[in-house]
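Student: Next comes the structure file entry04.cif, holding mmCIF, C-alpha atoms.
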```cif
data_upload
#
loop_
_atom_site.label_atom_id
_atom_site.label_comp_id
_atom_site.auth_asym_id
_atom_site.auth_seq_id
_atom_site.Cartn_x
_atom_site.Cartn_y
_atom_site.Cartn_z
CA MET A 13 27.12 -145.97 -114.72
CA THR A 14 23.87 -146.42 -112.79
CA ALA A 15 24.14 -148.70 -109.76
CA ARG A 16 21.76 -151.67 -109.71
CA HIS A 17 19.97 -150.40 -106.62
CA GLU A 18 19.25 -147.11 -108.40
CA THR A 19 17.72 -149.02 -111.31
CA ILE A 20 15.49 -151.04 -108.98
CA ILE A 21 14.23 -147.92 -107.20
CA ARG A 22 13.53 -146.22 -110.53
CA LEU A 23 11.39 -149.19 -111.59
CA PHE A 24 9.39 -148.99 -108.36
CA ARG A 25 8.86 -145.25 -108.85
CA GLN A 26 7.64 -145.90 -112.38
CA GLY A 27 4.86 -148.00 -110.87
CA GLN A 28 6.17 -151.47 -111.51
CA LYS A 29 5.13 -154.06 -108.96
CA LEU A 30 7.42 -156.25 -106.93
CA GLU A 31 6.33 -159.40 -108.77
CA SER A 32 7.00 -157.94 -112.20
CA ILE A 33 10.45 -156.71 -111.21
CA VAL A 34 11.37 -160.10 -109.77
CA SER A 35 10.20 -161.97 -112.87
CA GLY A 36 11.22 -159.43 -115.49
CA TRP A 37 14.72 -158.92 -114.15
CA GLN A 38 15.13 -162.57 -113.10
CA ILE A 39 16.20 -161.51 -109.64
CA GLY A 40 15.48 -163.35 -106.41
CA GLU A 41 13.60 -161.66 -103.59
CA ALA A 42 16.63 -161.90 -101.30
CA GLU A 43 18.80 -160.04 -103.80
CA LEU A 44 16.09 -157.49 -104.45
CA ALA A 45 15.68 -156.90 -100.73
CA GLU A 46 19.42 -156.32 -100.38
CA LEU A 47 19.38 -153.80 -103.25
CA VAL A 48 16.50 -151.93 -101.58
CA ILE A 49 18.49 -151.77 -98.34
CA GLN A 50 21.54 -150.53 -100.25
CA ALA A 51 19.43 -147.80 -101.84
CA TYR A 52 17.96 -146.78 -98.50
CA ARG A 53 21.37 -146.55 -96.86
CA ALA A 54 22.61 -144.55 -99.84
CA GLY A 55 19.95 -141.94 -99.06
CA GLU A 56 17.10 -142.97 -101.36
CA THR A 57 13.52 -142.51 -100.13
CA ILE A 58 11.81 -145.90 -100.06
CA ASN A 59 8.06 -146.45 -99.97
CA PRO A 60 7.51 -149.49 -97.71
CA ASP A 61 4.37 -150.34 -99.68
CA TRP A 62 6.58 -151.39 -102.57
CA LEU A 63 7.74 -154.44 -100.64
CA ALA A 64 4.52 -156.07 -99.46
CA PRO A 65 1.42 -157.45 -101.22
CA ARG A 66 -1.58 -155.15 -100.81
CA SER A 67 -3.67 -157.94 -99.24
CA ILE A 68 -1.40 -158.23 -96.18
CA ARG A 69 0.17 -154.77 -96.09
CA ASP A 70 -1.74 -153.21 -93.21
CA HIS A 71 -1.65 -156.32 -91.04
CA LEU A 72 2.06 -156.74 -91.74
CA LYS A 73 2.80 -153.19 -90.60
CA GLU A 74 0.91 -153.83 -87.37
CA VAL A 75 2.84 -157.02 -86.71
CA LEU A 76 6.19 -155.33 -87.32
CA ALA A 77 5.25 -152.49 -84.98
CA ASP A 78 3.73 -154.63 -82.22
CA ARG A 79 5.93 -157.74 -82.31
CA PRO A 80 9.61 -156.75 -82.52
CA ASP A 81 10.38 -160.03 -80.72
CA LEU A 82 9.47 -162.03 -83.83
CA SER A 83 12.30 -162.84 -86.23
CA SER A 84 11.91 -162.17 -89.95
CA VAL A 85 11.48 -165.90 -90.51
CA GLN A 86 8.69 -166.04 -87.93
CA VAL A 87 6.91 -163.07 -89.49
CA SER A 88 7.11 -164.71 -92.91
CA SER A 89 5.67 -167.92 -91.45
CA LEU A 90 2.87 -165.95 -89.78
CA PHE A 91 1.80 -164.82 -93.24
CA LYS A 92 2.24 -168.34 -94.63
CA GLY A 93 5.17 -167.33 -96.84
CA ARG A 94 3.29 -164.62 -98.73
CA ILE A 95 6.24 -162.38 -97.98
CA SER A 96 9.79 -163.70 -97.75
CA PRO A 97 12.01 -163.26 -94.68
CA ALA A 98 14.38 -161.13 -96.77
CA LEU A 99 11.61 -158.67 -97.67
CA VAL A 100 10.43 -158.58 -94.05
CA GLN A 101 13.95 -157.62 -93.03
CA ALA A 102 14.11 -154.93 -95.73
CA LEU A 103 10.80 -153.54 -94.47
CA ARG A 104 12.20 -153.35 -90.96
CA VAL A 105 15.17 -151.39 -92.25
CA VAL A 106 13.24 -148.83 -94.31
CA GLN A 107 10.56 -148.35 -91.64
CA GLY A 108 12.83 -148.28 -88.65
CA GLU A 109 16.45 -147.98 -87.74
CA GLY A 110 18.30 -148.55 -90.98
CA ARG A 111 20.37 -145.36 -91.02
CA GLY A 112 20.41 -144.39 -87.39
CA LEU A 113 21.95 -146.61 -84.75
CA GLU A 114 22.88 -145.96 -81.15
CA THR A 115 26.24 -147.65 -80.71
CA ARG A 116 29.30 -147.42 -78.52
CA VAL A 117 32.67 -149.18 -78.59
CA MET A 118 34.45 -150.18 -75.37
CA ASN A 119 37.42 -152.23 -74.23
CA GLU A 120 38.02 -154.82 -71.55
CA ALA A 121 38.49 -152.13 -68.90
CA THR A 122 35.40 -150.04 -69.65
CA TYR A 123 32.69 -152.51 -70.62
CA ALA A 124 31.99 -154.39 -67.39
CA GLU A 125 29.80 -151.90 -65.54
CA ALA A 126 27.69 -151.05 -68.60
CA PHE A 127 27.23 -154.71 -69.48
CA LEU A 128 26.13 -155.62 -65.96
CA ASP A 129 23.72 -152.66 -65.90
CA ASP A 130 22.11 -153.88 -69.10
CA LEU A 131 21.74 -157.39 -67.73
CA LEU A 132 20.24 -156.12 -64.49
CA GLY A 133 17.77 -154.07 -66.52
CA ALA A 134 16.60 -157.05 -68.57
CA ARG A 135 12.91 -157.86 -68.19
CA ARG A 136 12.09 -160.89 -70.25
CA GLU A 137 15.09 -162.41 -72.02
CA ILE A 138 18.86 -162.74 -71.97
CA LEU A 139 20.59 -164.71 -74.73
CA ILE A 140 24.35 -165.26 -74.61
CA VAL A 141 26.51 -167.00 -77.20
CA ALA A 142 30.00 -168.09 -76.16
CA PRO A 143 32.53 -170.65 -77.40
CA GLU A 144 33.06 -172.12 -73.91
CA LEU A 145 31.94 -171.84 -70.31
CA LYS A 146 34.03 -172.76 -67.28
CA GLY A 147 34.96 -171.45 -63.86
CA ASP A 148 32.85 -169.03 -61.84
CA HIS A 149 33.05 -165.79 -63.84
CA TRP A 150 29.45 -166.30 -65.00
CA ARG A 151 28.23 -165.99 -61.40
CA ARG A 152 28.79 -162.22 -61.40
CA TYR A 153 25.70 -162.11 -63.63
CA LEU A 154 23.63 -164.51 -61.55
CA GLU A 155 21.52 -161.80 -59.90
CA ALA A 156 20.52 -160.49 -63.33
CA PHE A 157 19.76 -163.99 -64.59
CA LEU A 158 17.57 -164.77 -61.58
CA ARG A 159 15.66 -161.49 -61.90
CA VAL A 160 14.62 -162.40 -65.42
CA LEU A 161 13.71 -165.95 -64.43
CA HIS A 162 11.63 -164.70 -61.48
CA GLN A 163 9.66 -162.58 -63.94
CA GLU A 164 8.96 -165.76 -65.94
CA GLY A 165 11.40 -164.72 -68.61
CA GLN A 166 14.16 -166.86 -70.05
CA VAL A 167 17.93 -166.94 -69.86
CA VAL A 168 19.61 -169.03 -72.54
CA ILE A 169 23.30 -169.73 -73.04
CA PHE A 170 24.38 -171.10 -76.41
CA CYS A 171 27.77 -172.69 -75.97
CA ARG A 172 30.07 -175.08 -77.78
CA LYS A 173 31.81 -176.42 -74.67
CA VAL A 174 30.61 -176.38 -71.04
CA SER A 175 32.69 -177.59 -68.11
CA ASN A 176 31.08 -180.45 -66.20
CA LEU A 177 31.93 -178.60 -63.00
CA VAL A 178 29.45 -175.79 -63.74
CA GLU A 179 26.86 -177.38 -66.04
CA ASP A 180 24.69 -178.91 -63.32
CA GLU A 181 24.56 -175.71 -61.25
CA ILE A 182 23.61 -173.61 -64.25
CA ARG A 183 20.77 -175.93 -65.19
CA GLU A 184 19.58 -176.11 -61.57
CA ARG A 185 19.29 -172.32 -61.54
CA GLY A 186 16.81 -172.54 -64.42
CA ILE A 187 19.21 -171.26 -67.06
CA GLU A 188 18.84 -173.10 -70.35
CA LEU A 189 21.99 -174.46 -71.95
CA ILE A 190 21.98 -175.20 -75.67
CA GLU A 191 24.95 -176.77 -77.41
CA LYS A 192 25.99 -174.65 -80.38
CA HIS A 193 29.16 -174.97 -82.40
CA SER A 194 29.84 -171.29 -82.96
CA ASN A 195 32.75 -168.91 -82.56
CA ALA A 196 30.36 -166.00 -81.97
CA ARG A 197 30.72 -163.92 -78.82
CA LEU A 198 27.58 -161.92 -78.22
CA ALA A 199 24.68 -161.16 -75.91
CA VAL A 200 21.15 -160.08 -76.81
CA ILE A 201 19.06 -158.44 -74.08
CA ASP A 202 15.27 -158.17 -74.49
CA ARG A 203 15.88 -158.22 -78.26
CA GLN A 204 16.74 -154.54 -78.04
CA ILE A 205 20.36 -154.38 -76.87
CA LEU A 206 23.18 -156.20 -78.64
CA TRP A 207 26.66 -156.72 -77.23
CA GLU A 208 29.31 -158.23 -79.50
CA GLY A 209 33.06 -158.29 -79.83
CA SER A 210 36.19 -160.32 -79.19
CA ILE A 211 35.48 -161.17 -75.57
CA ASN A 212 33.82 -164.33 -74.25
CA PHE A 213 31.23 -162.73 -71.97
CA LEU A 214 31.23 -165.76 -69.67
CA LEU A 215 34.99 -165.70 -69.03
CA PRO A 216 37.39 -163.02 -67.76
CA PRO A 217 39.07 -160.79 -70.38
CA ASP A 218 42.09 -162.43 -72.01
CA GLY A 219 44.35 -159.56 -72.98
CA GLU A 220 43.15 -156.63 -75.07
CA GLU A 221 39.50 -156.87 -76.09
CA HIS A 222 37.03 -154.73 -78.00
CA LEU A 223 33.26 -154.70 -77.53
CA ARG A 224 30.40 -152.92 -79.22
CA ARG A 225 27.08 -152.11 -77.53
CA SER A 226 24.21 -151.32 -79.90
CA VAL A 227 20.64 -150.37 -79.08
CA SER A 228 18.71 -151.63 -82.07
CA LYS A 229 15.78 -154.02 -82.44
CA LEU A 230 16.77 -154.39 -86.07
CA GLN A 231 20.36 -155.40 -85.29
CA CYS A 232 19.14 -157.87 -82.67
CA SER A 233 16.71 -159.39 -85.15
CA GLU A 234 19.43 -159.75 -87.77
CA ILE A 235 21.76 -161.46 -85.28
CA LEU A 236 19.00 -163.84 -84.16
CA ASP A 237 18.40 -164.81 -87.78
CA ILE A 238 22.06 -165.07 -88.79
CA HIS A 239 23.00 -167.29 -85.85
CA ASP A 240 19.68 -169.15 -85.64
CA LEU A 241 19.12 -168.27 -81.99
CA GLU A 242 15.39 -168.89 -81.77
CA VAL A 243 14.37 -170.85 -78.66
#
```
Starting from the file, give its structure as structure tokens.

Tutor:
Amino acid sequence: MTARHETIIRLFRQGQKLESIVSGWQIGEAELAELVIQAYRAGETINPDWLAPRSIRDHLKEVLADRPDLSSVQVSSLFKGRISPALVQALRVVQGEGRGLETRVMNEATYAEAFLDDLLGARREILIVAPELKGDHWRRYLEAFLRVLHQEGQVVIFCRKVSNLVEDEIRERGIELIEKHSNARLAVIDRQILWEGSINFLLPPDGEEHLRRSVSKLQCSEILDIHDLEV
């Protein structure tokens, strides 16, 4: 039995346009985009031109190449909705990192030095999501935070619960605190490096932990969209 993503790719190769596939098959653009990504990751060769209207195609490619900091939603808005965020994300996959990904898994004993190195290497942005923030563990990253702020970048902590004992100091340092009711534990550095796992990065390890470090603009963009981390 032919998988749905194989059928969609066959239609594109037969010359059918995006609009006709969406209307003829009564499929939403988000679902179509997901099928294209499935096909790509299954080894199919995808022509990026299939996914964008001809009138914006060249400009869209330039934006995706030059502005990796923009989320898929922002790119869609830039083109006034003429391409959906889902199709923008699919384009990023088939043009960029979809199959290959630099990634490494660590534990609570091996992550600390690599994580601090990444923070110290940040140039324009550090985003951290944590369920809670208390105590002084966060101060081990203060040098890295201040380096980014001195370069007129931004450091943002999204947190569900912040101790009153540390909130004032953090804000005085120029670090932005945003209340966010999330169980996510992750850090995004310059929208290129993603750290995620079981550990709260702003607190000491609590038993056995696992962490994954990925170098991927695409993965960072997906996380920003999924968790609505635009600031």

Student: Residues near range 131-142 of chain A, anyone? I mean within 8 Å using all atoms listed in the file, not counting same-chain ones fewer than 6 positions away, as a count of residues only.

Tutor: 30

Student: Counting only C-alpha atoms, which of A:Leu99, A:Pro80, A:Val48, A:Gly40 gets nearest to Ala64 in chain A?

Tutor: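 Checking each of A:Leu99, A:Pro80, A:Val48, A:Gly40 against Ala64 in chain A, counting only C-alpha atoms, the winner is A:Leu99.
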
Student: Taking the file as shown, find all residues satisfying the PyMOL selection byres ((chain A and resi 19) around 12) and write them as a ChimeraX atom specification.

Tutor: /A:13-18,20-26,28,33,37,44,47-48,50-51,56

Student: Just want the 10 Å neighbourhood of Leu90 in chain A, counted on only C-alpha atoms, with same-chain residues fewer than 5 positions away dropped. Output as a ChimeraX atom specification.

Tutor: /A:72,75,82,84-85,95

Student: Under the rule that only C-alpha atoms are counted, which of A:Gln204, A:Asn119, A:Ser96, A:Asn176 is the nearest residue to Ser226 in chain A?

Tutor: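 Selected residue with least distance to Ser226 in chain A: A:Gln204.
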
Student: Have a look at A:Ala121, A:Leu63, A:Leu128, A:Val100 and name the one nearest to Gly219 in chain A; count only C-alpha atoms.

Tutor: A:Ala121

Student: Could you rebuild range 71-82 of chain A with N, CA and C atoms and give it back as a JSON list (two decimals), in the coordinates of the input?

Tutor:
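In the end it all went to out11.json:
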```
[["chain", "number", "residue", "atom", "x", "y", "z"],
["A", 71, "HIS", "N", -1.88, -155.38, -92.14],
["A", 71, "HIS", "CA", -1.65, -156.32, -91.04],
["A", 71, "HIS", "C", -0.16, -156.51, -90.79],
["A", 72, "LEU", "N", 0.61, -156.57, -91.86],
["A", 72, "LEU", "CA", 2.06, -156.74, -91.74],
["A", 72, "LEU", "C", 2.68, -155.57, -90.99],
["A", 73, "LYS", "N", 2.26, -154.37, -91.30],
["A", 73, "LYS", "CA", 2.80, -153.19, -90.60],
["A", 73, "LYS", "C", 2.48, -153.24, -89.11],
["A", 74, "GLU", "N", 1.29, -153.71, -88.79],
["A", 74, "GLU", "CA", 0.91, -153.83, -87.37],
["A", 74, "GLU", "C", 1.79, -154.86, -86.66],
["A", 75, "VAL", "N", 2.02, -155.98, -87.32],
["A", 75, "VAL", "CA", 2.84, -157.02, -86.71],
["A", 75, "VAL", "C", 4.27, -156.51, -86.48],
["A", 76, "LEU", "N", 4.83, -155.83, -87.46],
["A", 76, "LEU", "CA", 6.19, -155.33, -87.32],
["A", 76, "LEU", "C", 6.29, -154.29, -86.21],
["A", 77, "ALA", "N", 5.24, -153.51, -86.03],
["A", 77, "ALA", "CA", 5.25, -152.49, -84.98],
["A", 77, "ALA", "C", 5.03, -153.10, -83.60],
["A", 78, "ASP", "N", 4.15, -154.09, -83.53],
["A", 78, "ASP", "CA", 3.73, -154.63, -82.22],
["A", 78, "ASP", "C", 4.55, -155.82, -81.76],
["A", 79, "ARG", "N", 5.23, -156.51, -82.68],
["A", 79, "ARG", "CA", 5.93, -157.74, -82.31],
["A", 79, "ARG", "C", 7.41, -157.70, -82.74],
["A", 80, "PRO", "N", 8.19, -156.80, -82.17],
["A", 80, "PRO", "CA", 9.61, -156.75, -82.52],
["A", 80, "PRO", "C", 10.36, -158.01, -82.08],
["A", 81, "ASP", "N", 9.74, -158.81, -81.19],
["A", 81, "ASP", "CA", 10.38, -160.03, -80.72],
["A", 81, "ASP", "C", 10.39, -161.12, -81.78],
["A", 82, "LEU", "N", 9.52, -161.01, -82.79],
["A", 82, "LEU", "CA", 9.47, -162.03, -83.83],
["A", 82, "LEU", "C", 10.61, -161.83, -84.82]]
```
